[in-house]
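The structure appears below as structure tokens.
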Amino acid sequence: MFSSMGNEYISGQQIAQELGCSRQAIWKAMDELRQDGFEIEAIRRKGYRLIGNSDQFSKSELLYQLNTSHIGQVIELYESVSSTQIIAHEKAKDGAKHGTVIMAEEQTSGRGRMTRQWSSPKNTGIWMSTILRPTIHPQEAPPITLVVAVAIAQSIEELTGIIPTIKWPNDILVGSKKIAGILTELQSEMDVIHYMIIGTGINVNTEEFPEELKSIASSLLIETGEKQSRVKLAQLIWEKVEKLLDIYEKHGFAPIKLLWESYVQSIGQEIQARTLQGTYQGIMRGITDKGVLELELSNGRIVPIYSADIEI
Ligand code: BT5
């Protein structure tokens with residue numbers, strides 16, 4: 001209806017005709033949009049005009065022209081939560097559908113891997129947890145983090161023109177600074193996945209970071225000098241995750257690996273991998289078709305790394 005902000009007024013009658021509903025229904029919808037935070041001017045005999053988009057997420061905006069079958073089709077929006085991961089686990093246990101997304105404007109205890117914290121200030125980022133019920137074996141779950149990383153990198157590139165880099169396994173960087181992180185959690189038995197929760201934190205319109213993050217974190221606003229649409233970015237990510245997951249389920253990781261490699265800079269470089277078993281130094285040779293990182297030590301031995309923090 002209002003695909004972009006402009007100076008034009010659109011009459012209630014015209015909108016009603018185009019949508020095939022009553023003017024009463026249009027009046028009600030305008031009211032709902034205002035409650036969602038949109039500024040809509042209404043002038044007699046001229047019609048309606050969109051003055052400003054809200055800084056808040058709204059379900060109607062998130063669902064408008066969303067081109068997916070499952071991901072993002074059910075959205076639960078919260079103003080402030082401790083962590084969207086916690087809510088997503090509860091909803092998944094209650095039977096939430098594949099593709100349900102839990103989003104919050106703010107997280108008071110956002111979490112990273114291994115009980116680290118994730119800074120999630122109000123109205124600035126995309127803090128969301130997506131419930132997936134993929135039809136794969138639990139052993140095939142780890143590459144899904146990489147699938148999501150590719151989807152986020154592609155979406156950032158499409159929205160802003162910036163080409164981000166992926167740092168294995170779960171970081172998206174611009175330059176040397178982290179712009180997004182992924183936290184994958186899995187509820188499974190020996191040979192069946194009950195559900196996966198994919199937590200994604202993306203710094204979109206963050207203007208300033210807390211002191212301890214200033215040297216390691218950045219946002220799309222800082223990198224482009226412009227405010228970016230959180231809604232458009234969320235939609236792009238859902239569309240790309242759905243598409244890439246489908247490819248992964250049908251054809252395995254090999255086709256996604258090619259895309260993944262196009263966003264990775266450290267292949268062939270000396271890196272340090274801190275794992276729970278110890279720290280390894282060597283040349284990053286790449287990843288396997290199962291998403292496992294291969295590190296070549298100075299004696300030529302290749303060590304498979306399943307989970308680690310990487311220093312480049
Ligand atoms: C991650 O962990 O990068 C996963 C982050 C996942 C966050 C999402 S938000 C929605 C969902 N709900 C949650 O509660 N979590 C998920 P890790 O690789 O462990 O990185 C954590 C480290 O990144 C911290 O120790 C900080 O050094 C740094 N960090 C914290 N907040 C950051 C931010 N906003 N931007 C960039 N770096 C940050």
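Naming works like this for the structure tokens: A, B, ... for the chains as they're shown, residue 1 at the start of each chain, ligands 1 onward in shown order.
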(request) Find the residues near ligand 1. Use a cut-off of 8 Å, count only C-alpha atoms and all ligand atoms, and write them as a PyMOL selection string. (result) chain A and resi 82-86+103+107+109-120+126-129+170-171+177-183+198-203+209+212-213+216-219+309
Take the selection from the previous step and output its residues with N, CA and C atoms, as a short mmCIF file (atom, residue, chain, number, x, y, z; two decimals), in the first residue's frame.
```cif
data_model
loop_
_atom_site.label_atom_id
_atom_site.label_comp_id
_atom_site.auth_asym_id
_atom_site.auth_seq_id
_atom_site.Cartn_x
_atom_site.Cartn_y
_atom_site.Cartn_z
N SER A 82 14.94 -11.40 28.59
CA SER A 82 16.31 -11.71 29.03
C SER A 82 17.09 -12.20 27.82
N SER A 83 16.59 -13.27 27.17
CA SER A 83 17.23 -13.76 25.94
C SER A 83 16.16 -14.42 25.07
N THR A 84 16.18 -14.13 23.78
CA THR A 84 15.19 -14.75 22.88
C THR A 84 15.42 -16.26 22.80
N GLN A 85 16.66 -16.71 23.11
CA GLN A 85 16.94 -18.16 23.08
C GLN A 85 16.07 -18.88 24.10
N ILE A 86 15.95 -18.29 25.29
CA ILE A 86 15.20 -18.95 26.38
C ILE A 86 13.74 -19.11 25.96
N MET A 103 11.53 -12.56 18.34
CA MET A 103 12.37 -11.35 18.19
C MET A 103 12.14 -10.42 19.38
N GLN A 107 17.50 -7.19 24.65
CA GLN A 107 17.74 -8.35 25.52
C GLN A 107 18.54 -7.87 26.72
N SER A 109 19.83 -10.08 29.01
CA SER A 109 20.91 -11.06 29.23
C SER A 109 21.15 -11.84 27.94
N GLY A 110 21.37 -11.11 26.86
CA GLY A 110 21.66 -11.77 25.58
C GLY A 110 22.90 -12.62 25.76
N ARG A 111 22.91 -13.80 25.14
CA ARG A 111 24.08 -14.65 25.37
C ARG A 111 24.78 -15.08 24.08
N GLY A 112 26.09 -15.27 24.25
CA GLY A 112 26.90 -15.79 23.16
C GLY A 112 27.21 -17.25 23.46
N ARG A 113 28.26 -17.77 22.85
CA ARG A 113 28.63 -19.16 23.12
C ARG A 113 29.31 -19.24 24.49
N MET A 114 29.24 -20.41 25.10
CA MET A 114 29.93 -20.69 26.36
C MET A 114 29.70 -19.60 27.41
N THR A 115 28.44 -19.30 27.65
CA THR A 115 28.00 -18.33 28.68
C THR A 115 28.58 -16.91 28.52
N ARG A 116 29.08 -16.59 27.35
CA ARG A 116 29.51 -15.20 27.14
C ARG A 116 28.27 -14.33 26.95
N GLN A 117 28.49 -13.01 27.06
CA GLN A 117 27.33 -12.11 26.93
C GLN A 117 27.24 -11.54 25.53
N TRP A 118 26.00 -11.19 25.15
CA TRP A 118 25.81 -10.53 23.86
C TRP A 118 25.09 -9.21 24.11
N SER A 119 25.75 -8.11 23.79
CA SER A 119 25.18 -6.79 24.02
C SER A 119 24.03 -6.55 23.03
N SER A 120 22.84 -6.25 23.56
CA SER A 120 21.63 -6.15 22.70
C SER A 120 20.79 -4.94 23.06
N ILE A 126 19.07 -6.66 15.30
CA ILE A 126 18.14 -7.78 15.11
C ILE A 126 18.57 -8.83 16.11
N TRP A 127 17.77 -8.99 17.13
CA TRP A 127 18.04 -10.00 18.14
C TRP A 127 16.92 -11.04 17.99
N MET A 128 17.24 -12.15 17.38
CA MET A 128 16.16 -13.10 17.11
C MET A 128 16.62 -14.54 17.22
N SER A 129 15.67 -15.42 17.54
CA SER A 129 15.93 -16.85 17.60
C SER A 129 14.91 -17.55 16.74
N ASN A 170 31.18 -18.83 13.58
CA ASN A 170 29.89 -18.13 13.75
C ASN A 170 29.95 -16.61 13.74
N ASP A 171 31.06 -16.04 13.27
CA ASP A 171 31.16 -14.57 13.30
C ASP A 171 31.04 -13.99 11.90
N LYS A 177 36.12 -6.00 12.46
CA LYS A 177 35.15 -5.86 13.56
C LYS A 177 33.91 -6.73 13.38
N LYS A 178 33.41 -7.23 14.51
CA LYS A 178 32.27 -8.15 14.47
C LYS A 178 30.97 -7.37 14.35
N ILE A 179 30.18 -7.80 13.39
CA ILE A 179 28.92 -7.12 13.12
C ILE A 179 27.75 -8.03 13.49
N ALA A 180 28.01 -9.34 13.45
CA ALA A 180 26.94 -10.30 13.78
C ALA A 180 27.53 -11.59 14.33
N GLY A 181 26.73 -12.25 15.16
CA GLY A 181 27.15 -13.54 15.71
C GLY A 181 25.98 -14.51 15.70
N ILE A 182 26.30 -15.79 15.63
CA ILE A 182 25.27 -16.83 15.56
C ILE A 182 25.47 -17.80 16.72
N LEU A 183 24.39 -18.17 17.34
CA LEU A 183 24.44 -19.15 18.43
C LEU A 183 23.46 -20.27 18.09
N ILE A 198 18.28 -21.24 16.28
CA ILE A 198 19.36 -20.45 15.69
C ILE A 198 19.22 -19.02 16.19
N GLY A 199 20.13 -18.65 17.08
CA GLY A 199 20.11 -17.28 17.61
C GLY A 199 21.00 -16.41 16.73
N THR A 200 20.46 -15.27 16.28
CA THR A 200 21.31 -14.36 15.51
C THR A 200 21.24 -12.96 16.09
N GLY A 201 22.39 -12.40 16.30
CA GLY A 201 22.49 -11.04 16.80
C GLY A 201 23.19 -10.21 15.74
N ILE A 202 22.54 -9.17 15.25
CA ILE A 202 23.13 -8.34 14.19
C ILE A 202 23.07 -6.87 14.60
N ASN A 203 24.24 -6.23 14.62
CA ASN A 203 24.30 -4.82 14.98
C ASN A 203 23.94 -4.00 13.75
N PHE A 209 29.16 1.60 21.00
CA PHE A 209 29.25 0.35 21.76
C PHE A 209 29.81 0.61 23.15
N GLU A 212 34.09 -1.92 26.42
CA GLU A 212 34.82 -3.18 26.20
C GLU A 212 34.63 -3.75 24.79
N LEU A 213 33.63 -3.22 24.05
CA LEU A 213 33.39 -3.74 22.70
C LEU A 213 33.87 -2.80 21.59
N ILE A 216 36.29 -4.03 19.05
CA ILE A 216 36.06 -5.31 18.34
C ILE A 216 34.71 -5.39 17.64
N ALA A 217 33.81 -4.40 17.89
CA ALA A 217 32.46 -4.50 17.33
C ALA A 217 32.15 -3.32 16.42
N SER A 218 31.28 -3.56 15.45
CA SER A 218 30.80 -2.47 14.61
C SER A 218 29.36 -2.73 14.21
N SER A 219 28.76 -1.74 13.52
CA SER A 219 27.37 -1.89 13.09
C SER A 219 27.26 -1.45 11.64
N ASP A 309 37.59 -20.92 19.11
CA ASP A 309 37.65 -19.49 18.81
C ASP A 309 38.89 -19.28 17.98
#
```
(request) Check the DSSP output for the backbone and give back, as a PyMOL selection string, the residues of segment 131-263 of chain A in alpha helix (DSSP H). (result) chain A and resi 143-160+220-224+230-251+254-262
Output the selection as a PDB file, in the first residue's frame - C-alpha atoms for each residue.
```pdb
ATOM      1  CA  PRO A 143      27.034 -26.979   9.125  1.00  0.00           C
ATOM      2  CA  ILE A 144      23.705 -25.226   9.678  1.00  0.00           C
ATOM      3  CA  THR A 145      25.584 -22.473  11.546  1.00  0.00           C
ATOM      4  CA  LEU A 146      27.640 -22.001   8.373  1.00  0.00           C
ATOM      5  CA  VAL A 147      24.513 -22.023   6.205  1.00  0.00           C
ATOM      6  CA  VAL A 148      23.081 -19.208   8.336  1.00  0.00           C
ATOM      7  CA  ALA A 149      26.395 -17.318   8.228  1.00  0.00           C
ATOM      8  CA  VAL A 150      26.253 -17.349   4.408  1.00  0.00           C
ATOM      9  CA  ALA A 151      22.628 -16.148   4.481  1.00  0.00           C
ATOM     10  CA  ILE A 152      23.541 -13.237   6.784  1.00  0.00           C
ATOM     11  CA  ALA A 153      26.606 -12.289   4.723  1.00  0.00           C
ATOM     12  CA  GLN A 154      24.608 -12.366   1.465  1.00  0.00           C
ATOM     13  CA  SER A 155      21.814 -10.307   3.030  1.00  0.00           C
ATOM     14  CA  ILE A 156      24.185  -7.639   4.363  1.00  0.00           C
ATOM     15  CA  GLU A 157      25.814  -7.453   0.932  1.00  0.00           C
ATOM     16  CA  GLU A 158      22.466  -7.126  -0.844  1.00  0.00           C
ATOM     17  CA  LEU A 159      21.155  -4.471   1.549  1.00  0.00           C
ATOM     18  CA  THR A 160      24.242  -2.294   1.900  1.00  0.00           C
ATOM     19  CA  LEU A 220      25.942  -1.356   9.630  1.00  0.00           C
ATOM     20  CA  LEU A 221      25.161   2.242  10.592  1.00  0.00           C
ATOM     21  CA  ILE A 222      28.784   2.883  11.556  1.00  0.00           C
ATOM     22  CA  GLU A 223      30.121   1.158   8.425  1.00  0.00           C
ATOM     23  CA  THR A 224      27.773   2.799   5.902  1.00  0.00           C
ATOM     24  CA  ARG A 230      16.129  -3.765  10.184  1.00  0.00           C
ATOM     25  CA  VAL A 231      12.916  -5.059   8.627  1.00  0.00           C
ATOM     26  CA  LYS A 232      14.366  -5.441   5.141  1.00  0.00           C
ATOM     27  CA  LEU A 233      17.457  -7.133   6.540  1.00  0.00           C
ATOM     28  CA  ALA A 234      15.418  -9.598   8.637  1.00  0.00           C
ATOM     29  CA  GLN A 235      13.275 -10.465   5.605  1.00  0.00           C
ATOM     30  CA  LEU A 236      16.327 -10.989   3.390  1.00  0.00           C
ATOM     31  CA  ILE A 237      17.884 -13.263   5.997  1.00  0.00           C
ATOM     32  CA  TRP A 238      14.715 -15.367   6.361  1.00  0.00           C
ATOM     33  CA  GLU A 239      14.388 -15.740   2.601  1.00  0.00           C
ATOM     34  CA  LYS A 240      18.009 -16.739   2.158  1.00  0.00           C
ATOM     35  CA  VAL A 241      18.093 -19.089   5.155  1.00  0.00           C
ATOM     36  CA  GLU A 242      15.026 -20.879   3.803  1.00  0.00           C
ATOM     37  CA  LYS A 243      16.533 -21.215   0.321  1.00  0.00           C
ATOM     38  CA  LEU A 244      19.974 -22.348   1.507  1.00  0.00           C
ATOM     39  CA  LEU A 245      18.533 -24.788   4.060  1.00  0.00           C
ATOM     40  CA  ASP A 246      16.508 -26.369   1.312  1.00  0.00           C
ATOM     41  CA  ILE A 247      19.662 -26.781  -0.799  1.00  0.00           C
ATOM     42  CA  TYR A 248      21.503 -28.231   2.221  1.00  0.00           C
ATOM     43  CA  GLU A 249      18.755 -30.741   2.990  1.00  0.00           C
ATOM     44  CA  LYS A 250      18.538 -31.861  -0.656  1.00  0.00           C
ATOM     45  CA  HIS A 251      22.156 -31.714  -1.821  1.00  0.00           C
ATOM     46  CA  ALA A 254      29.136 -29.050  -0.909  1.00  0.00           C
ATOM     47  CA  PRO A 255      27.202 -26.388  -2.906  1.00  0.00           C
ATOM     48  CA  ILE A 256      26.952 -24.087   0.152  1.00  0.00           C
ATOM     49  CA  LYS A 257      30.649 -24.558   0.899  1.00  0.00           C
ATOM     50  CA  LEU A 258      31.495 -22.750  -2.337  1.00  0.00           C
ATOM     51  CA  LEU A 259      29.398 -19.758  -1.282  1.00  0.00           C
ATOM     52  CA  TRP A 260      30.872 -19.901   2.223  1.00  0.00           C
ATOM     53  CA  GLU A 261      34.424 -19.863   0.869  1.00  0.00           C
ATOM     54  CA  SER A 262      33.680 -16.722  -1.138  1.00  0.00           C
TER      55      SER A 262
END
```
(request) Tell me, in Å to one decimal, how far atom CA of Ala25 of chain A is from atom CA of Gln13 of chain A. (result) 10.8 Å
Can you check which residues of segment 98-293 of chain A DSSP gives as strand (DSSP E or B) on the backbone and send them as a PDB file with C-alpha atoms, in the first residue's frame?
```pdb
ATOM      1  CA  VAL A 101      10.873 -16.544  14.979  1.00  0.00           C
ATOM      2  CA  ILE A 102      11.174 -14.964  18.411  1.00  0.00           C
ATOM      3  CA  MET A 103      12.366 -11.348  18.195  1.00  0.00           C
ATOM      4  CA  ALA A 104      12.986  -8.692  20.805  1.00  0.00           C
ATOM      5  CA  GLU A 105      13.749  -4.996  20.697  1.00  0.00           C
ATOM      6  CA  GLU A 106      16.103  -5.469  23.641  1.00  0.00           C
ATOM      7  CA  GLN A 107      17.743  -8.349  25.518  1.00  0.00           C
ATOM      8  CA  ARG A 111      24.076 -14.655  25.365  1.00  0.00           C
ATOM      9  CA  GLN A 117      27.334 -12.107  26.929  1.00  0.00           C
ATOM     10  CA  GLY A 125      19.717  -4.523  16.140  1.00  0.00           C
ATOM     11  CA  ILE A 126      18.140  -7.777  15.105  1.00  0.00           C
ATOM     12  CA  TRP A 127      18.036 -10.001  18.140  1.00  0.00           C
ATOM     13  CA  MET A 128      16.157 -13.099  17.110  1.00  0.00           C
ATOM     14  CA  SER A 129      15.928 -16.848  17.604  1.00  0.00           C
ATOM     15  CA  THR A 130      14.537 -19.051  14.864  1.00  0.00           C
ATOM     16  CA  ILE A 131      13.052 -22.456  15.627  1.00  0.00           C
ATOM     17  CA  LEU A 132      13.970 -25.033  12.996  1.00  0.00           C
ATOM     18  CA  THR A 165      33.689 -11.696   5.835  1.00  0.00           C
ATOM     19  CA  ILE A 166      32.837 -14.849   7.733  1.00  0.00           C
ATOM     20  CA  LYS A 167      35.085 -16.005  10.551  1.00  0.00           C
ATOM     21  CA  ASP A 171      31.162 -14.570  13.299  1.00  0.00           C
ATOM     22  CA  ILE A 172      30.358 -12.072  10.560  1.00  0.00           C
ATOM     23  CA  LEU A 173      32.868  -9.257  10.341  1.00  0.00           C
ATOM     24  CA  VAL A 174      33.288  -6.016   8.457  1.00  0.00           C
ATOM     25  CA  LYS A 177      35.146  -5.862  13.564  1.00  0.00           C
ATOM     26  CA  LYS A 178      32.272  -8.153  14.467  1.00  0.00           C
ATOM     27  CA  ILE A 179      28.919  -7.124  13.123  1.00  0.00           C
ATOM     28  CA  ALA A 180      26.939 -10.303  13.777  1.00  0.00           C
ATOM     29  CA  GLY A 181      27.150 -13.540  15.712  1.00  0.00           C
ATOM     30  CA  ILE A 182      25.268 -16.830  15.558  1.00  0.00           C
ATOM     31  CA  LEU A 183      24.441 -19.153  18.426  1.00  0.00           C
ATOM     32  CA  THR A 184      23.151 -22.588  17.424  1.00  0.00           C
ATOM     33  CA  GLU A 185      21.502 -24.797  20.020  1.00  0.00           C
ATOM     34  CA  LEU A 186      20.194 -28.278  19.422  1.00  0.00           C
ATOM     35  CA  GLN A 187      17.702 -30.534  21.175  1.00  0.00           C
ATOM     36  CA  SER A 188      18.118 -34.055  19.888  1.00  0.00           C
ATOM     37  CA  GLU A 189      18.384 -37.748  20.637  1.00  0.00           C
ATOM     38  CA  VAL A 192      16.583 -37.554  15.674  1.00  0.00           C
ATOM     39  CA  ILE A 193      16.600 -33.764  15.956  1.00  0.00           C
ATOM     40  CA  HIS A 194      13.667 -32.498  18.004  1.00  0.00           C
ATOM     41  CA  TYR A 195      14.445 -28.901  17.168  1.00  0.00           C
ATOM     42  CA  MET A 196      17.228 -26.401  16.614  1.00  0.00           C
ATOM     43  CA  ILE A 197      17.330 -22.831  17.815  1.00  0.00           C
ATOM     44  CA  ILE A 198      19.362 -20.449  15.690  1.00  0.00           C
ATOM     45  CA  GLY A 199      20.106 -17.275  17.606  1.00  0.00           C
ATOM     46  CA  THR A 200      21.309 -14.360  15.508  1.00  0.00           C
ATOM     47  CA  GLY A 201      22.489 -11.036  16.799  1.00  0.00           C
ATOM     48  CA  ILE A 202      23.132  -8.338  14.187  1.00  0.00           C
ATOM     49  CA  ASN A 203      24.295  -4.816  14.982  1.00  0.00           C
ATOM     50  CA  ALA A 217      32.464  -4.501  17.326  1.00  0.00           C
ATOM     51  CA  GLU A 270      48.214 -18.635   9.790  1.00  0.00           C
ATOM     52  CA  ILE A 271      45.570 -18.809  12.515  1.00  0.00           C
ATOM     53  CA  GLN A 272      45.284 -19.829  16.122  1.00  0.00           C
ATOM     54  CA  ALA A 273      42.398 -22.059  17.207  1.00  0.00           C
ATOM     55  CA  ARG A 274      41.525 -22.059  20.895  1.00  0.00           C
ATOM     56  CA  THR A 275      39.566 -25.233  21.669  1.00  0.00           C
ATOM     57  CA  GLY A 278      44.023 -26.760  23.881  1.00  0.00           C
ATOM     58  CA  THR A 279      45.336 -24.107  21.494  1.00  0.00           C
ATOM     59  CA  TYR A 280      46.590 -24.995  18.019  1.00  0.00           C
ATOM     60  CA  GLN A 281      48.558 -22.817  15.647  1.00  0.00           C
ATOM     61  CA  GLY A 282      48.699 -23.522  11.943  1.00  0.00           C
ATOM     62  CA  ILE A 283      47.515 -22.733   8.440  1.00  0.00           C
ATOM     63  CA  MET A 284      43.774 -22.776   7.858  1.00  0.00           C
ATOM     64  CA  ARG A 285      43.371 -25.151   4.917  1.00  0.00           C
ATOM     65  CA  GLY A 286      39.588 -24.808   4.642  1.00  0.00           C
ATOM     66  CA  ILE A 287      36.571 -26.753   5.784  1.00  0.00           C
ATOM     67  CA  LEU A 293      37.777 -26.739   9.972  1.00  0.00           C
TER      68      LEU A 293
END
```
